[in-house]
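Student: Structure file query_33.csv (CSV, C-alpha atoms) right here:
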chain,number,residue,atom,x,y,z
A,1,MET,CA,0.0,0.0,0.0
A,2,SER,CA,3.0,2.3,0.2
A,3,TYR,CA,2.7,3.1,-3.5
A,4,THR,CA,-0.9,4.1,-3.3
A,5,LYS,CA,-0.3,6.2,-0.3
A,6,GLN,CA,2.4,8.1,-2.2
A,7,VAL,CA,0.0,8.7,-5.1
A,8,LEU,CA,-2.8,9.8,-2.8
A,9,THR,CA,-0.5,12.3,-0.9
A,10,PHE,CA,0.7,13.8,-4.2
A,11,VAL,CA,-2.7,14.4,-5.6
A,12,ILE,CA,-4.1,15.9,-2.4
A,13,CYS,CA,-1.1,18.2,-2.0
A,14,TYR,CA,-1.4,19.2,-5.7
A,15,LEU,CA,-5.0,20.1,-5.3
A,16,PHE,CA,-4.6,22.2,-2.2
A,17,GLY,CA,-1.6,23.9,-3.8
A,18,LEU,CA,-3.9,25.0,-6.6
A,19,ILE,CA,-6.5,26.3,-4.1
A,20,GLY,CA,-3.9,28.4,-2.4
A,21,PHE,CA,-2.8,30.0,-5.7
A,22,GLY,CA,-4.6,33.3,-5.8
A,23,GLN,CA,-8.3,34.0,-5.1
A,24,SER,CA,-9.2,36.6,-7.7
A,25,GLU,CA,-12.6,36.0,-9.3
A,26,PHE,CA,-13.3,33.2,-6.9
A,27,GLU,CA,-16.6,31.3,-6.3
A,28,SER,CA,-17.5,28.2,-4.4
A,29,LEU,CA,-20.4,25.9,-5.4
A,30,GLY,CA,-21.9,22.7,-4.3
A,31,GLU,CA,-23.0,19.8,-6.5
A,32,THR,CA,-25.2,17.0,-5.4
A,33,SER,CA,-25.9,14.1,-7.7
A,34,PHE,CA,-27.7,10.7,-7.8
A,35,ALA,CA,-26.8,8.2,-10.5
A,36,VAL,CA,-28.2,4.8,-11.5
A,37,ASN,CA,-26.1,2.3,-13.5
A,38,HIS,CA,-27.8,-0.7,-15.2
A,39,LYS,CA,-25.8,-3.4,-17.0
A,40,LEU,CA,-27.7,-4.9,-19.8
A,41,SER,CA,-24.9,-7.3,-21.0
A,42,ASN,CA,-21.2,-7.9,-20.6
A,43,SER,CA,-20.6,-5.3,-23.3
A,44,TYR,CA,-23.4,-2.7,-22.8
A,45,ASN,CA,-24.5,-0.6,-19.9
A,46,MET,CA,-26.6,2.5,-19.3
A,47,ASN,CA,-26.3,5.4,-16.8
A,48,PHE,CA,-28.9,7.9,-15.7
A,49,SER,CA,-28.2,10.7,-13.3
A,50,ALA,CA,-29.6,13.9,-12.0
A,51,ARG,CA,-27.5,16.8,-10.5
A,52,SER,CA,-28.2,19.9,-8.6
A,53,ARG,CA,-25.6,22.7,-8.6
A,54,TYR,CA,-25.9,25.6,-6.1
A,55,PHE,CA,-23.8,28.6,-5.0
A,56,LEU,CA,-22.1,28.6,-1.6
A,57,TYR,CA,-19.8,31.6,-1.9
A,58,GLN,CA,-20.1,34.4,-4.4
A,59,GLU,CA,-18.9,38.1,-4.5
A,60,ASP,CA,-17.5,37.9,-1.0
A,61,ASN,CA,-20.7,36.6,0.5
A,62,PHE,CA,-21.8,33.2,1.8
A,63,LEU,CA,-25.1,32.1,0.4
A,64,LEU,CA,-27.2,29.1,-0.7
A,65,LYS,CA,-28.8,29.6,-4.1
A,66,ASN,CA,-29.6,27.1,-6.7
A,67,ARG,CA,-27.8,27.6,-10.1
A,68,GLN,CA,-29.0,24.7,-12.3
A,69,ILE,CA,-30.3,21.2,-12.5
A,70,ASP,CA,-28.9,18.6,-15.0
A,71,VAL,CA,-30.5,15.4,-16.3
A,72,VAL,CA,-28.0,13.1,-18.0
A,73,HIS,CA,-28.0,9.8,-19.8
A,74,PHE,CA,-25.0,7.8,-21.1
A,75,SER,CA,-24.9,4.5,-23.0
A,76,THR,CA,-21.5,2.7,-23.0
A,77,TYR,CA,-20.3,-0.2,-25.1
A,78,ALA,CA,-17.2,-2.1,-24.1
A,79,LEU,CA,-14.8,-2.8,-27.0
A,80,ASP,CA,-12.7,-5.1,-24.8
A,81,PHE,CA,-11.5,-5.2,-21.2
A,82,SER,CA,-9.6,-1.9,-21.5
A,83,ARG,CA,-11.5,0.2,-24.0
A,84,SER,CA,-15.0,1.5,-24.3
A,85,ILE,CA,-17.0,4.1,-26.2
A,86,SER,CA,-20.0,6.1,-25.0
A,87,LEU,CA,-22.8,8.4,-26.3
A,88,GLY,CA,-24.4,10.8,-23.9
A,89,ILE,CA,-27.2,13.3,-23.9
A,90,GLN,CA,-27.8,16.0,-21.2
A,91,TYR,CA,-30.3,18.7,-20.6
A,92,ARG,CA,-29.4,21.6,-18.2
A,93,PHE,CA,-32.2,23.6,-16.7
A,94,ARG,CA,-30.8,27.0,-15.8
A,95,ASP,CA,-33.2,29.7,-17.2
A,96,GLY,CA,-35.5,29.5,-14.2
A,97,PHE,CA,-32.7,29.8,-11.6
A,98,ASP,CA,-30.1,32.5,-12.4
A,99,ASN,CA,-31.3,33.9,-15.7
A,100,GLY,CA,-28.8,31.7,-17.6
A,101,ASN,CA,-29.6,29.8,-20.8
A,102,ASP,CA,-30.9,26.2,-20.8
A,103,GLU,CA,-28.6,23.8,-22.6
A,104,LEU,CA,-28.8,20.6,-24.6
A,105,ARG,CA,-25.5,18.7,-24.6
A,106,LEU,CA,-24.5,15.8,-26.8
A,107,THR,CA,-21.3,13.8,-25.9
A,108,GLN,CA,-19.1,11.3,-27.7
A,109,GLN,CA,-16.5,9.5,-25.5
A,110,PHE,CA,-13.6,7.1,-25.7
A,111,ASN,CA,-12.3,5.6,-22.5
A,112,TYR,CA,-9.1,3.5,-21.9
A,113,LYS,CA,-8.2,2.0,-18.5
A,114,LYS,CA,-5.3,-0.1,-17.3
A,115,ARG,CA,-4.5,-1.6,-13.9
A,116,ALA,CA,-1.1,-1.7,-12.2
A,117,TYR,CA,-1.2,-3.7,-8.9
A,118,VAL,CA,-4.2,-2.1,-7.0
A,119,VAL,CA,-4.2,1.2,-8.9
A,120,ARG,CA,-6.4,1.6,-11.9
A,121,PHE,CA,-5.4,4.4,-14.4
A,122,GLY,CA,-7.9,5.8,-16.9
A,123,HIS,CA,-7.6,8.1,-20.0
A,124,ARG,CA,-10.8,9.7,-21.3
A,125,LEU,CA,-11.4,11.7,-24.5
A,126,ARG,CA,-14.7,13.6,-25.0
A,127,LEU,CA,-16.2,15.6,-27.7
A,128,GLU,CA,-19.2,17.7,-26.7
A,129,GLN,CA,-21.7,19.8,-28.6
A,130,ARG,CA,-23.2,22.4,-26.2
A,131,ILE,CA,-26.4,23.7,-27.9
A,132,PHE,CA,-27.9,27.0,-26.6
A,133,ASN,CA,-30.7,29.1,-28.0
A,134,ASN,CA,-28.5,31.2,-30.2
A,135,LEU,CA,-25.1,29.6,-29.9
A,136,THR,CA,-23.4,26.2,-30.3
A,137,ILE,CA,-20.1,25.5,-28.6
A,138,LEU,CA,-17.8,22.6,-29.5
A,139,ARG,CA,-15.7,21.4,-26.5
A,140,TYR,CA,-12.8,19.0,-26.5
A,141,ARG,CA,-11.9,17.3,-23.2
A,142,TYR,CA,-9.0,15.0,-22.0
A,143,ARG,CA,-9.0,13.5,-18.5
A,144,PHE,CA,-6.4,11.4,-16.7
A,145,ALA,CA,-7.7,9.6,-13.6
A,146,LEU,CA,-6.7,7.0,-11.1
A,147,ASP,CA,-8.5,5.1,-8.4
A,148,PHE,CA,-7.7,2.5,-5.8
A,149,PRO,CA,-9.1,0.9,-2.6
A,150,LEU,CA,-7.9,2.4,0.7
A,151,ASN,CA,-7.8,-1.0,2.5
A,152,GLY,CA,-6.1,-4.0,0.9
A,153,GLU,CA,-6.0,-5.0,-2.7
A,154,LYS,CA,-9.8,-5.4,-3.2
A,155,LEU,CA,-12.7,-3.2,-2.4
A,156,ASP,CA,-15.1,-5.0,0.0
A,157,ILE,CA,-18.4,-3.9,1.4
A,158,GLY,CA,-17.9,-1.2,4.1
A,159,GLU,CA,-14.5,-0.1,2.8
A,160,GLY,CA,-13.4,3.1,1.2
A,161,TYR,CA,-11.7,4.1,-2.1
A,162,PHE,CA,-10.1,7.1,-3.7
A,163,ILE,CA,-10.5,8.7,-7.1
A,164,GLY,CA,-8.4,11.5,-8.4
A,165,SER,CA,-8.3,13.2,-11.8
A,166,MET,CA,-6.9,16.1,-13.8
A,167,GLU,CA,-8.7,17.4,-16.9
A,168,ALA,CA,-8.0,19.9,-19.7
A,169,LEU,CA,-10.8,21.4,-21.8
A,170,LEU,CA,-10.9,23.5,-25.0
A,171,SER,CA,-14.1,25.3,-26.1
A,172,GLN,CA,-14.6,26.7,-29.6
A,173,SER,CA,-17.4,28.7,-31.2
A,174,SER,CA,-17.8,31.0,-34.2
A,175,LYS,CA,-19.0,33.7,-31.9
A,176,LEU,CA,-16.6,33.5,-29.0
A,177,LYS,CA,-12.8,33.3,-28.5
A,178,PRO,CA,-11.4,29.8,-27.8
A,179,GLU,CA,-11.4,29.1,-24.1
A,180,LEU,CA,-9.1,26.9,-22.1
A,181,ASP,CA,-10.2,25.3,-18.8
A,182,TYR,CA,-8.4,23.1,-16.3
A,183,ARG,CA,-9.9,20.9,-13.5
A,184,THR,CA,-8.5,18.9,-10.6
A,185,THR,CA,-10.8,16.6,-8.7
A,186,ILE,CA,-10.5,14.3,-5.7
A,187,ASN,CA,-13.2,12.0,-4.3
A,188,PHE,CA,-13.4,9.6,-1.4
A,189,GLY,CA,-16.0,6.9,-1.7
A,190,TRP,CA,-17.5,4.1,0.4
A,191,LEU,CA,-19.0,0.9,-0.8
A,192,LEU,CA,-22.0,0.6,1.5
A,193,THR,CA,-23.7,-2.4,-0.1
A,194,GLU,CA,-23.0,-4.4,-3.3
A,195,GLN,CA,-25.2,-1.9,-5.1
A,196,LEU,CA,-24.7,1.4,-3.4
A,197,LYS,CA,-21.7,3.8,-3.2
A,198,LEU,CA,-21.5,7.2,-1.5
A,199,GLN,CA,-18.8,9.8,-2.5
A,200,LEU,CA,-17.5,13.1,-1.1
A,201,GLY,CA,-15.1,15.2,-3.0
A,202,LEU,CA,-13.6,18.6,-4.0
A,203,GLU,CA,-13.0,19.9,-7.5
A,204,TYR,CA,-11.0,23.1,-8.3
A,205,ARG,CA,-11.4,24.8,-11.7
A,206,PHE,CA,-9.5,27.4,-13.6
A,207,GLU,CA,-12.0,28.6,-16.2
A,208,ALA,CA,-11.1,30.7,-19.2
A,209,TRP,CA,-7.6,31.1,-18.0
A,210,ASN,CA,-6.3,32.2,-21.4
A,211,ILE,CA,-8.8,35.1,-21.4
A,212,GLU,CA,-9.8,36.2,-17.9
A,213,THR,CA,-9.3,33.5,-15.3
A,214,GLU,CA,-12.2,32.6,-13.0
A,215,GLN,CA,-11.5,30.2,-10.1
A,216,ARG,CA,-14.2,27.9,-8.7
A,217,LEU,CA,-14.1,25.4,-5.9
A,218,PHE,CA,-16.8,22.7,-6.0
A,219,ILE,CA,-17.9,20.6,-3.0
A,220,LEU,CA,-19.2,17.3,-4.4
A,221,THR,CA,-21.6,14.8,-2.9
A,222,SER,CA,-23.0,11.9,-4.8
A,223,ALA,CA,-24.7,8.5,-4.5
A,224,ILE,CA,-24.3,5.8,-7.1
A,225,LEU,CA,-26.7,2.9,-7.4
A,226,ASN,CA,-26.1,-0.3,-9.5
A,227,ILE,CA,-29.2,-2.2,-10.4
Will you turn the file into structure tokens for me?
Tutor:
Amino acid sequence: MSYTKQVLTFVICYLFGLIGFGQSEFESLGETSFAVNHKLSNSYNMNFSARSRYFLYQEDNFLLKNRQIDVVHFSTYALDFSRSISLGIQYRFRDGFDNGNDELRLTQQFNYKKRAYVVRFGHRLRLEQRIFNNLTILRYRYRFALDFPLNGEKLDIGEGYFIGSMEALLSQSSKLKPELDYRTTINFGWLLTEQLKLQLGLEYRFEAWNIETEQRLFILTSAILNI
């Protein structure tokens, strides 16, 4: 377990190093989600989720105000043990909360994972079409992630696990300048039953850092149900 502890220490220190780097244009938000996974065969599974995102800190004030609600579906087909492709559709309800625009999002995804001892590494490529009323944004995303159990070599009921990731994003549109974003995320999870997991985490974002950087800290809570 010494190797996994070293990886865990590095990711946590890296995240909090980012948090300490400047606080201009800073906001904090919470995001609570519930996801349901259903495996139809050895090769095909479906995921449905709902998420609520809400402000916690904005413009030097602490507050609790809902920002948006997302409804998401992904269908995933496993090409082999290591590779899979996914198609996703998402609708974001925002107009009724903070006067933002509702959004329809289409996603195409390729995922590659590999295991080394107890640590699983993953590479994810995503292409997204973010469709608004008068604007369509193409977004390209690459994420590197790792996860491992916190006790022993295998995750058993009642035990915890760690997930860490770093992601780069590029958004392009005919009406806007190209925008670069960067995200670092850590999650701690617990396998409560064979079907249910709970996760708590933090995500730090640098948004539009090539134009005018905005920094956001997300506090994440989620439940994942396998049926």
Student: Using all atoms listed in the file, find each residue in region 74-101 of chain A having at least one atom no more than 12 Å away from region 117-134 of chain A; report its shortest atom-to-atom pair and that distance in Å (one decimal), rows by chain then rising number, as a tab-separated table.
Tutor:
residue	atom	partner	partner_atom	distance
A:Ser82	CA	A:Gly122	CA	9.1
A:Arg83	CA	A:His123	CA	9.7
A:Ser84	CA	A:Arg124	CA	9.7
A:Ile85	CA	A:Leu125	CA	9.6
A:Ser86	CA	A:Arg126	CA	9.2
A:Leu87	CA	A:Arg126	CA	9.7
A:Gly88	CA	A:Glu128	CA	9.1
A:Ile89	CA	A:Glu128	CA	9.5
A:Gln90	CA	A:Arg130	CA	9.3
A:Tyr91	CA	A:Ile131	CA	9.7
A:Arg92	CA	A:Phe132	CA	10.1
A:Phe93	CA	A:Phe132	CA	11.3
A:Arg94	CA	A:Phe132	CA	11.2
A:Asp95	CA	A:Asn133	CA	11.1
A:Gly100	CA	A:Phe132	CA	10.2
A:Asn101	CA	A:Phe132	CA	6.7
Student: If I take CA of Ile224 (chain A) and CA of Tyr44 (chain A), how far is one from the other in Å, to one decimal?
Tutor: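 Pair CA of Ile224 (chain A) / CA of Tyr44 (chain A) returns 17.9 Å.
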Student: Tell me which protein, DNA and RNA residues are within 10 Å of Ser49 (chain A), counting all atoms listed in the file, leaving out same-chain ones fewer than 3 positions away, and put them as an MDAnalysis selection string.
Tutor: chainID A and resid 33:37 70:74 90 223:225
Student: Mind pulling up the distance from CA of Asn226 (chain A) to CA of Ser43 (chain A)?
Tutor: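 CA of Ser43 (chain A) sits 15.7 Å away from CA of Asn226 (chain A).
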Student: Restricting the calculation to all atoms listed in the file, which member of A:Gln109, A:Gln199, A:Asn42, A:Asn47 is positioned closest to Tyr161 (chain A)?
Tutor: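 Checking each of A:Gln109, A:Gln199, A:Asn42, A:Asn47 against Tyr161 (chain A), counting all atoms listed in the file, the winner is A:Gln199.
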Student: Report the distance between CA of Arg51 (chain A) and CA of Ile69 (chain A) in Å, rounded to one decimal place.
Tutor: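 Between CA of Arg51 (chain A) and CA of Ile69 (chain A) the gap works out to 5.6 Å.
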Student: With distances taken over only C-alpha atoms, which residue among A:Thr221, A:Asp98, A:Tyr142, A:Leu180 lies nearest Leu198 (chain A)?
Tutor: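 Nearest candidate to Leu198 (chain A) out of A:Thr221, A:Asp98, A:Tyr142, A:Leu180: A:Thr221.
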Student: Skip Leu217 (chain A) itself and residues of its chain fewer than 6 positions away, then list as a list in words all residues within 6 Å of it, counting all atoms listed in the file.
Tutor: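 My list of contacting residues is Ser28, Glu203 and Tyr204 of chain A.
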Student: Using only C-alpha atoms, which of A:Trp190, A:Phe62, A:Glu167, A:Gln215 sits nearest Glu25 (chain A)?
Tutor: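 Of the candidates, the smallest distance to Glu25 (chain A) is held by A:Gln215.
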Student: Quick one: of A:Ile219, A:Thr136, A:Asp102, A:Ala78, who's nearest to Tyr57 (chain A), counting all atoms listed in the file?
Tutor: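 The closest residue to Tyr57 (chain A) is A:Ile219.
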Student: Taking (-7.7, 0.0, -2.5) in the file's coordinates as the center, which residues reach within 10 Å of it, counting all atoms listed in the file, put as a list in words?
Tutor: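 Output: Met1, Thr4, Lys5, Tyr117, Val118, Val119, Arg120, Asp147, Phe148, Pro149, Leu150, Asn151, Gly152, Glu153, Lys154, Leu155, Asp156, Glu159, Gly160, Tyr161 and Phe162 of chain A.
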Student: Go through A:Ile163, A:Gly158, A:Tyr77, A:Phe218 one by one, measure the shortest atom-to-atom distance of each to Arg183 (chain A) using all atoms listed in the file, and give the residue with the smallest value.
Tutor: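 The shortest atom-to-atom distance to Arg183 (chain A) comes from A:Phe218.
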Student: Between A:Arg143, A:Lys113, A:Arg216, A:Lys65, which one has atoms that come closest to Leu79 (chain A), using only C-alpha atoms?
Tutor: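 For Leu79 (chain A), the nearest of the candidates is A:Lys113.
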